[in-house]
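Reviewing the structure listed below.
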Amino acid sequence: MSTTSANLDWLLENLVDSTAGAVHALVLSRDGLKLCHTSQLSVDKADQLAAIAAGVQALSQSASVEFGDGTGGVRQSMTEFYGGLLFIVEAGVGAHLAVLADDTADVGLIGHRMDELVEQIGAFLTSPPRPSLPSHSPE
Amino acid sequence: MEGVKIVIVGGFGVGKTTMVRSVSEIRPLNTEETMTQASVGVDQNAGVANKAMTTVAFDFGRISLNEHMVLYLFGAPGQERFRFLWDRLFAGTIGAVVLVDMRRVEDSWHAIDLLESRGTPFIVARNNFIAPRYGLADVREALTLSEEVPLIDCDARDRESSKQVLIALVSHAHALSSARGAMS
């Protein structure tokens, strides 16, 4: 498991290093917890980003349900703010991939590189549902 | 027609999403996500072991109390990692409902502390997913709640019961603002 996690960390580092403008990358569970991230992102910032990205994706999903054509979920969420950009895409089951970029970044390129990564290794970027516990019988 | 904003707060798994769903007259905003293995040990679901979904942004619903007043309901997420949303949710509210589950009463302390320090009017509603074992006086003591804060029982799954909670909050907020008006 640690080997897999180390490999994922390396792939995220590689994504950031090889994509102009990309600064941090993080994989998070749909319920808002970090799974792995690039080393320049501090643990505190990674925790914050995981919660924020889960919230953004959940709201985007609702926008898709209410106003989309019903054929699918969310392809990508993108937020532009002063000093940067935030991209989020669905990764494997139960997980999202988030990338923070500076405002010189090429929006199309970042999106493309994120899709590429998910296509390659989305099967490993997962956070499966909790096993359902047997309900306790009243004592 | 007057529109007022109300926030429903409380600990993880206490029934906030359930209450918004029970009373909303429009399709409620749904930002629930499957609880994943990443949150084992972080989101403690003791007492609600069959809980499978959790709110990661906020709930939203709407209910018209009468032809003059419509309530906009915002349900806050319960886990600590989403607390950064709370300040924004509280902006412009007339008051808050704190939902309490007696199996995990300590989860409500944070919400009560926060509302007291902000000076936001609030009431406390005990959500009885199971039949209550203690009287409301015991609940008041466990929460060290002052006598001025209304405390009532409810069933968040029941539309009428949830509506009574909202009416109690609106009355309380109204009484407080009238009292303040009389003092000034």
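Following the order of the structure tokens, first chain is A, next is B, and so on, with residues numbered from 1 inside each chain and ligands from 1 in the order they appear.
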Identify, on the basis of only C-alpha atoms, every residue whose closest approach to Val100 in chain B does not exceed 12 Å; exclude the query and any residue fewer than 4 positions from it along the same chain; express the result as a ChimeraX atom specification.
/B:8-16,78,104-112,123-129,132,136,139-140,142-143,151-156
For the selection just defined, write its residues with C-alpha atoms to a file, as a compact mmCIF listing (two decimals), in the first residue's frame.
# COMPACT_ATOMS: atom_id res chain seq x y z
CA ILE B 8 -29.62 24.55 10.97
CA VAL B 9 -26.47 23.48 12.80
CA GLY B 10 -25.35 20.63 15.03
CA GLY B 11 -22.90 17.76 15.14
CA PHE B 12 -22.17 15.08 12.60
CA GLY B 13 -25.12 12.81 11.80
CA VAL B 14 -27.63 14.59 14.04
CA GLY B 15 -30.33 14.98 11.36
CA LYS B 16 -29.77 18.40 9.76
CA GLY B 78 -21.38 18.84 10.76
CA ARG B 104 -23.66 12.29 21.17
CA VAL B 105 -24.57 15.44 23.03
CA GLU B 106 -20.98 16.77 23.07
CA ASP B 107 -21.16 17.25 19.28
CA SER B 108 -23.52 20.20 19.87
CA TRP B 109 -21.29 22.14 22.25
CA HIS B 110 -19.26 23.75 19.51
CA ALA B 111 -22.35 25.04 17.72
CA ILE B 112 -23.85 26.45 20.92
CA ILE B 123 -33.15 27.53 19.90
CA VAL B 124 -32.19 23.94 20.65
CA ALA B 125 -34.23 21.03 19.33
CA ARG B 126 -33.65 17.49 20.53
CA ASN B 127 -34.07 15.18 17.58
CA ASN B 128 -35.67 11.94 18.70
CA PHE B 129 -34.71 9.34 16.12
CA PRO B 132 -35.94 9.84 24.56
CA LEU B 136 -35.71 18.12 28.68
CA VAL B 139 -30.84 18.01 28.43
CA ARG B 140 -30.71 21.65 29.48
CA ALA B 142 -26.12 18.56 30.03
CA LEU B 143 -25.80 21.44 27.58
CA LEU B 151 -35.47 23.87 24.17
CA ILE B 152 -37.96 21.57 22.45
CA ASP B 153 -38.38 18.00 21.23
CA CYS B 154 -38.75 17.13 17.57
CA ASP B 155 -38.59 14.37 14.99
CA ALA B 156 -36.56 15.65 12.03
Write down as a PDB file with N, CA and C atoms, in the first residue's frame the residues belonging to range 51-116 of chain A that are assigned strand (DSSP E) by DSSP computed on the backbone.
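Saved the output as states_10.pdb:
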ATOM      1  N   SER A  77     -14.590  21.184 -12.527  1.00  0.00           N
ATOM      2  CA  SER A  77     -14.916  22.463 -11.886  1.00  0.00           C
ATOM      3  C   SER A  77     -13.678  23.326 -11.959  1.00  0.00           C
ATOM      4  N   MET A  78     -13.865  24.608 -12.276  1.00  0.00           N
ATOM      5  CA  MET A  78     -12.720  25.501 -12.338  1.00  0.00           C
ATOM      6  C   MET A  78     -13.069  26.810 -11.649  1.00  0.00           C
ATOM      7  N   THR A  79     -12.185  27.272 -10.774  1.00  0.00           N
ATOM      8  CA  THR A  79     -12.385  28.539 -10.080  1.00  0.00           C
ATOM      9  C   THR A  79     -11.191  29.442 -10.368  1.00  0.00           C
ATOM     10  N   GLU A  80     -11.483  30.662 -10.819  1.00  0.00           N
ATOM     11  CA  GLU A  80     -10.416  31.640 -11.037  1.00  0.00           C
ATOM     12  C   GLU A  80     -10.476  32.633  -9.895  1.00  0.00           C
ATOM     13  N   PHE A  81      -9.364  32.831  -9.213  1.00  0.00           N
ATOM     14  CA  PHE A  81      -9.323  33.867  -8.181  1.00  0.00           C
ATOM     15  C   PHE A  81      -8.058  34.680  -8.371  1.00  0.00           C
ATOM     16  N   GLY A  84      -4.504  32.918  -8.680  1.00  0.00           N
ATOM     17  CA  GLY A  84      -4.454  31.497  -8.999  1.00  0.00           C
ATOM     18  C   GLY A  84      -5.725  30.919  -9.592  1.00  0.00           C
ATOM     19  N   LEU A  85      -5.639  29.627  -9.836  1.00  0.00           N
ATOM     20  CA  LEU A  85      -6.743  28.868 -10.420  1.00  0.00           C
ATOM     21  C   LEU A  85      -6.857  27.542  -9.684  1.00  0.00           C
ATOM     22  N   LEU A  86      -8.082  27.057  -9.536  1.00  0.00           N
ATOM     23  CA  LEU A  86      -8.304  25.744  -8.944  1.00  0.00           C
ATOM     24  C   LEU A  86      -9.097  24.888  -9.923  1.00  0.00           C
ATOM     25  N   PHE A  87      -8.573  23.718 -10.232  1.00  0.00           N
ATOM     26  CA  PHE A  87      -9.239  22.758 -11.116  1.00  0.00           C
ATOM     27  C   PHE A  87      -9.561  21.501 -10.333  1.00  0.00           C
ATOM     28  N   ILE A  88     -10.743  20.942 -10.550  1.00  0.00           N
ATOM     29  CA  ILE A  88     -11.080  19.672  -9.906  1.00  0.00           C
ATOM     30  C   ILE A  88     -11.768  18.774 -10.941  1.00  0.00           C
ATOM     31  N   VAL A  89     -11.328  17.529 -11.031  1.00  0.00           N
ATOM     32  CA  VAL A  89     -11.995  16.551 -11.892  1.00  0.00           C
ATOM     33  C   VAL A  89     -12.265  15.288 -11.076  1.00  0.00           C
ATOM     34  N   GLU A  90     -13.219  14.486 -11.545  1.00  0.00           N
ATOM     35  CA  GLU A  90     -13.453  13.204 -10.910  1.00  0.00           C
ATOM     36  C   GLU A  90     -12.283  12.286 -11.214  1.00  0.00           C
ATOM     37  N   ALA A  95     -13.293   9.417  -5.478  1.00  0.00           N
ATOM     38  CA  ALA A  95     -12.176  10.356  -5.316  1.00  0.00           C
ATOM     39  C   ALA A  95     -12.198  11.451  -6.382  1.00  0.00           C
ATOM     40  N   HIS A  96     -11.565  12.579  -6.068  1.00  0.00           N
ATOM     41  CA  HIS A  96     -11.379  13.682  -7.008  1.00  0.00           C
ATOM     42  C   HIS A  96      -9.898  14.036  -7.078  1.00  0.00           C
ATOM     43  N   LEU A  97      -9.504  14.617  -8.206  1.00  0.00           N
ATOM     44  CA  LEU A  97      -8.147  15.141  -8.372  1.00  0.00           C
ATOM     45  C   LEU A  97      -8.245  16.665  -8.449  1.00  0.00           C
ATOM     46  N   ALA A  98      -7.482  17.362  -7.599  1.00  0.00           N
ATOM     47  CA  ALA A  98      -7.488  18.828  -7.600  1.00  0.00           C
ATOM     48  C   ALA A  98      -6.095  19.340  -7.952  1.00  0.00           C
ATOM     49  N   VAL A  99      -6.036  20.398  -8.771  1.00  0.00           N
ATOM     50  CA  VAL A  99      -4.762  21.033  -9.101  1.00  0.00           C
ATOM     51  C   VAL A  99      -4.892  22.536  -8.875  1.00  0.00           C
ATOM     52  N   LEU A 100      -3.913  23.092  -8.157  1.00  0.00           N
ATOM     53  CA  LEU A 100      -3.836  24.541  -7.996  1.00  0.00           C
ATOM     54  C   LEU A 100      -2.771  25.050  -8.963  1.00  0.00           C
ATOM     55  N   ALA A 101      -3.083  26.148  -9.664  1.00  0.00           N
ATOM     56  CA  ALA A 101      -2.137  26.694 -10.636  1.00  0.00           C
ATOM     57  C   ALA A 101      -2.013  28.200 -10.413  1.00  0.00           C
TER      58      ALA A 101
END
What is the distance between CA of Gly108 in chain A and CA of Leu12 in chain A, in Å to one decimal?
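These two atoms are separated by 18.1 Å.
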Considering only C-alpha atoms, tabulate each residue of chain B that lies at most 12 Å from chain A along with its nearest interatomic pair and the corresponding distance in Å to one decimal; arrange the rows by chain and ascending residue number and present them as JSON lines.
{"residue": "B:Ile26", "atom": "CA", "partner": "A:Glu66", "partner_atom": "CA", "distance": 12.0}
{"residue": "B:Arg27", "atom": "CA", "partner": "A:Glu66", "partner_atom": "CA", "distance": 9.5}
{"residue": "B:Pro28", "atom": "CA", "partner": "A:Ser62", "partner_atom": "CA", "distance": 9.9}
{"residue": "B:Leu29", "atom": "CA", "partner": "A:Ser62", "partner_atom": "CA", "distance": 6.7}
{"residue": "B:Asn30", "atom": "CA", "partner": "A:Ser62", "partner_atom": "CA", "distance": 6.4}
{"residue": "B:Thr31", "atom": "CA", "partner": "A:Ala58", "partner_atom": "CA", "distance": 4.9}
{"residue": "B:Glu32", "atom": "CA", "partner": "A:Ala58", "partner_atom": "CA", "distance": 7.2}
{"residue": "B:Glu33", "atom": "CA", "partner": "A:Asp31", "partner_atom": "CA", "distance": 5.8}
{"residue": "B:Thr34", "atom": "CA", "partner": "A:Pro129", "partner_atom": "CA", "distance": 6.3}
{"residue": "B:Met35", "atom": "CA", "partner": "A:Asp31", "partner_atom": "CA", "distance": 5.8}
{"residue": "B:Thr36", "atom": "CA", "partner": "A:Pro129", "partner_atom": "CA", "distance": 4.1}
{"residue": "B:Gln37", "atom": "CA", "partner": "A:Arg130", "partner_atom": "CA", "distance": 4.9}
{"residue": "B:Ala38", "atom": "CA", "partner": "A:Ser127", "partner_atom": "CA", "distance": 6.3}
{"residue": "B:Ser39", "atom": "CA", "partner": "A:Leu33", "partner_atom": "CA", "distance": 6.8}
{"residue": "B:Val40", "atom": "CA", "partner": "A:Arg130", "partner_atom": "CA", "distance": 7.6}
{"residue": "B:Gly41", "atom": "CA", "partner": "A:Arg130", "partner_atom": "CA", "distance": 11.2}
{"residue": "B:Val42", "atom": "CA", "partner": "A:Leu33", "partner_atom": "CA", "distance": 9.1}
{"residue": "B:Asp43", "atom": "CA", "partner": "A:Asp31", "partner_atom": "CA", "distance": 9.8}
{"residue": "B:Asn45", "atom": "CA", "partner": "A:Leu133", "partner_atom": "CA", "distance": 10.8}
{"residue": "B:Ala46", "atom": "CA", "partner": "A:His136", "partner_atom": "CA", "distance": 10.5}
{"residue": "B:Gly47", "atom": "CA", "partner": "A:His136", "partner_atom": "CA", "distance": 9.0}
{"residue": "B:Val48", "atom": "CA", "partner": "A:Ser135", "partner_atom": "CA", "distance": 9.0}
{"residue": "B:Ala49", "atom": "CA", "partner": "A:Leu133", "partner_atom": "CA", "distance": 6.6}
{"residue": "B:Asn50", "atom": "CA", "partner": "A:Ser135", "partner_atom": "CA", "distance": 6.5}
{"residue": "B:Lys51", "atom": "CA", "partner": "A:Ser132", "partner_atom": "CA", "distance": 8.9}
{"residue": "B:Ala52", "atom": "CA", "partner": "A:Arg130", "partner_atom": "CA", "distance": 7.7}
{"residue": "B:Met53", "atom": "CA", "partner": "A:Asp31", "partner_atom": "CA", "distance": 8.6}
{"residue": "B:Thr54", "atom": "CA", "partner": "A:Asp31", "partner_atom": "CA", "distance": 7.1}
{"residue": "B:Thr55", "atom": "CA", "partner": "A:Asp31", "partner_atom": "CA", "distance": 8.0}
{"residue": "B:Val56", "atom": "CA", "partner": "A:Gly55", "partner_atom": "CA", "distance": 5.1}
{"residue": "B:Ala57", "atom": "CA", "partner": "A:Gly55", "partner_atom": "CA", "distance": 4.4}
{"residue": "B:Phe58", "atom": "CA", "partner": "A:Gly55", "partner_atom": "CA", "distance": 8.1}
{"residue": "B:Asp59", "atom": "CA", "partner": "A:Leu59", "partner_atom": "CA", "distance": 9.9}
{"residue": "B:Phe60", "atom": "CA", "partner": "A:Leu59", "partner_atom": "CA", "distance": 10.9}
{"residue": "B:Ala76", "atom": "CA", "partner": "A:Gly55", "partner_atom": "CA", "distance": 11.6}
{"residue": "B:Pro77", "atom": "CA", "partner": "A:Gly55", "partner_atom": "CA", "distance": 9.8}
{"residue": "B:Gly78", "atom": "CA", "partner": "A:Asp31", "partner_atom": "CA", "distance": 11.9}
{"residue": "B:Gln79", "atom": "CA", "partner": "A:Gly32", "partner_atom": "CA", "distance": 9.9}
{"residue": "B:Glu80", "atom": "CA", "partner": "A:Ala51", "partner_atom": "CA", "distance": 9.8}
{"residue": "B:Arg81", "atom": "CA", "partner": "A:Ala51", "partner_atom": "CA", "distance": 6.1}
{"residue": "B:Phe82", "atom": "CA", "partner": "A:Ala51", "partner_atom": "CA", "distance": 6.2}
{"residue": "B:Arg83", "atom": "CA", "partner": "A:Ala51", "partner_atom": "CA", "distance": 9.6}
{"residue": "B:Phe84", "atom": "CA", "partner": "A:Ile52", "partner_atom": "CA", "distance": 8.8}
{"residue": "B:Leu85", "atom": "CA", "partner": "A:Ile52", "partner_atom": "CA", "distance": 9.0}
{"residue": "B:Ile130", "atom": "CA", "partner": "A:Pro138", "partner_atom": "CA", "distance": 11.4}
Shell of 12 Å around range 14-23 of chain A, only C-alpha atoms, local chain residues under 3 positions omitted, as a PyMOL selection string:
chain A and resi 7-11+26+37-41+83-87+97-118
Put those residues in a file: N, CA and C atoms, as a tab-separated table (two decimals), in the first residue's frame.
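In the end it all went to selection_20.tsv:
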chain	number	residue	atom	x	y	z
A	7	ASN	N	4.09	5.78	-5.31
A	7	ASN	CA	4.00	5.92	-6.77
A	7	ASN	C	3.02	7.02	-7.16
A	8	LEU	N	1.90	7.07	-6.45
A	8	LEU	CA	0.89	8.12	-6.74
A	8	LEU	C	1.47	9.49	-6.45
A	9	ASP	N	2.19	9.60	-5.32
A	9	ASP	CA	2.83	10.87	-5.00
A	9	ASP	C	3.76	11.29	-6.13
A	10	TRP	N	4.51	10.32	-6.63
A	10	TRP	CA	5.46	10.62	-7.70
A	10	TRP	C	4.72	11.09	-8.97
A	11	LEU	N	3.62	10.43	-9.27
A	11	LEU	CA	2.85	10.81	-10.47
A	11	LEU	C	2.27	12.22	-10.34
A	26	LEU	N	-3.48	17.36	-5.63
A	26	LEU	CA	-3.99	16.64	-4.47
A	26	LEU	C	-5.08	15.67	-4.92
A	37	HIS	N	-0.82	13.92	-1.96
A	37	HIS	CA	-0.62	15.25	-2.53
A	37	HIS	C	0.85	15.52	-2.77
A	38	THR	N	1.13	16.56	-3.52
A	38	THR	CA	2.52	16.93	-3.81
A	38	THR	C	3.16	17.50	-2.55
A	39	SER	N	4.50	17.38	-2.46
A	39	SER	CA	5.19	17.64	-1.21
A	39	SER	C	5.25	19.12	-0.84
A	40	GLN	N	5.10	20.01	-1.81
A	40	GLN	CA	5.16	21.45	-1.52
A	40	GLN	C	3.90	21.95	-0.81
A	41	LEU	N	2.85	21.15	-0.87
A	41	LEU	CA	1.60	21.52	-0.20
A	41	LEU	C	1.69	21.04	1.25
A	83	GLY	N	-4.61	35.62	-8.16
A	83	GLY	CA	-3.41	34.90	-7.77
A	83	GLY	C	-3.42	33.43	-8.09
A	84	GLY	N	-4.50	32.92	-8.68
A	84	GLY	CA	-4.45	31.50	-9.00
A	84	GLY	C	-5.72	30.92	-9.59
A	85	LEU	N	-5.64	29.63	-9.84
A	85	LEU	CA	-6.74	28.87	-10.42
A	85	LEU	C	-6.86	27.54	-9.68
A	86	LEU	N	-8.08	27.06	-9.54
A	86	LEU	CA	-8.30	25.74	-8.94
A	86	LEU	C	-9.10	24.89	-9.92
A	87	PHE	N	-8.57	23.72	-10.23
A	87	PHE	CA	-9.24	22.76	-11.12
A	87	PHE	C	-9.56	21.50	-10.33
A	97	LEU	N	-9.50	14.62	-8.21
A	97	LEU	CA	-8.15	15.14	-8.37
A	97	LEU	C	-8.25	16.67	-8.45
A	98	ALA	N	-7.48	17.36	-7.60
A	98	ALA	CA	-7.49	18.83	-7.60
A	98	ALA	C	-6.09	19.34	-7.95
A	99	VAL	N	-6.04	20.40	-8.77
A	99	VAL	CA	-4.76	21.03	-9.10
A	99	VAL	C	-4.89	22.54	-8.87
A	100	LEU	N	-3.91	23.09	-8.16
A	100	LEU	CA	-3.84	24.54	-8.00
A	100	LEU	C	-2.77	25.05	-8.96
A	101	ALA	N	-3.08	26.15	-9.66
A	101	ALA	CA	-2.14	26.69	-10.64
A	101	ALA	C	-2.01	28.20	-10.41
A	102	ASP	N	-0.91	28.78	-10.88
A	102	ASP	CA	-0.82	30.23	-10.82
A	102	ASP	C	-1.54	30.83	-12.03
A	103	ASP	N	-1.71	32.15	-12.06
A	103	ASP	CA	-2.59	32.67	-13.10
A	103	ASP	C	-1.92	32.85	-14.47
A	104	THR	N	-0.71	32.33	-14.61
A	104	THR	CA	-0.11	32.28	-15.94
A	104	THR	C	-0.47	30.97	-16.65
A	105	ALA	N	-1.13	30.06	-15.93
A	105	ALA	CA	-1.35	28.71	-16.47
A	105	ALA	C	-2.27	28.71	-17.69
A	106	ASP	N	-2.03	27.75	-18.56
A	106	ASP	CA	-2.89	27.52	-19.71
A	106	ASP	C	-4.02	26.59	-19.26
A	107	VAL	N	-5.23	27.16	-19.21
A	107	VAL	CA	-6.38	26.44	-18.67
A	107	VAL	C	-6.63	25.13	-19.41
A	108	GLY	N	-6.54	25.19	-20.73
A	108	GLY	CA	-6.80	23.99	-21.55
A	108	GLY	C	-5.77	22.91	-21.29
A	109	LEU	N	-4.52	23.34	-21.15
A	109	LEU	CA	-3.44	22.37	-20.95
A	109	LEU	C	-3.59	21.66	-19.60
A	110	ILE	N	-3.86	22.44	-18.56
A	110	ILE	CA	-4.00	21.82	-17.23
A	110	ILE	C	-5.12	20.79	-17.24
A	111	GLY	N	-6.26	21.19	-17.78
A	111	GLY	CA	-7.39	20.27	-17.85
A	111	GLY	C	-7.03	19.00	-18.61
A	112	HIS	N	-6.32	19.19	-19.70
A	112	HIS	CA	-5.91	18.05	-20.52
A	112	HIS	C	-4.99	17.11	-19.75
A	113	ARG	N	-4.01	17.69	-19.05
A	113	ARG	CA	-3.05	16.86	-18.30
A	113	ARG	C	-3.75	16.12	-17.15
A	114	MET	N	-4.72	16.77	-16.54
A	114	MET	CA	-5.46	16.10	-15.45
A	114	MET	C	-6.27	14.94	-16.00
A	115	ASP	N	-6.94	15.15	-17.13
A	115	ASP	CA	-7.71	14.06	-17.75
A	115	ASP	C	-6.81	12.89	-18.11
A	116	GLU	N	-5.63	13.24	-18.64
A	116	GLU	CA	-4.65	12.20	-19.00
A	116	GLU	C	-4.29	11.34	-17.80
A	117	LEU	N	-3.99	12.02	-16.70
A	117	LEU	CA	-3.57	11.30	-15.49
A	117	LEU	C	-4.68	10.39	-14.99
A	118	VAL	N	-5.91	10.92	-14.98
A	118	VAL	CA	-7.04	10.11	-14.50
A	118	VAL	C	-7.24	8.90	-15.42
Rounded to one decimal, what separation in Å do you get between CA of Ser64 in chain B and CA of Ala91 in chain B?
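Rounded to one decimal, the two atoms are 20.7 Å apart.
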Could you check how far CA of His68 in chain B sits from CA of Met1 in chain B, in Å to one decimal?
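Atom-to-atom, CA of His68 in chain B to CA of Met1 in chain B, that is 4.6 Å.
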Please return as a PyMOL selection string: the residues of range 24-138 of chain A that backbone DSSP assigns to helix (DSSP H, G or I).
chain A and resi 43-67+107-121
Of the candidates B:Ile63, B:Met102, B:Met69, B:Leu166, which shows the shortest atom-to-atom distance to Val7 in chain B, using only C-alpha atoms?
B:Leu166
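Close contacts of Met19 in chain B, defined as residues with an atom at most 8 Å away when counting only C-alpha atoms, with chain neighbours fewer than 6 positions off set aside, comprise Ala156, Arg157, Asp158, Arg159 and Ser162 of chain B.
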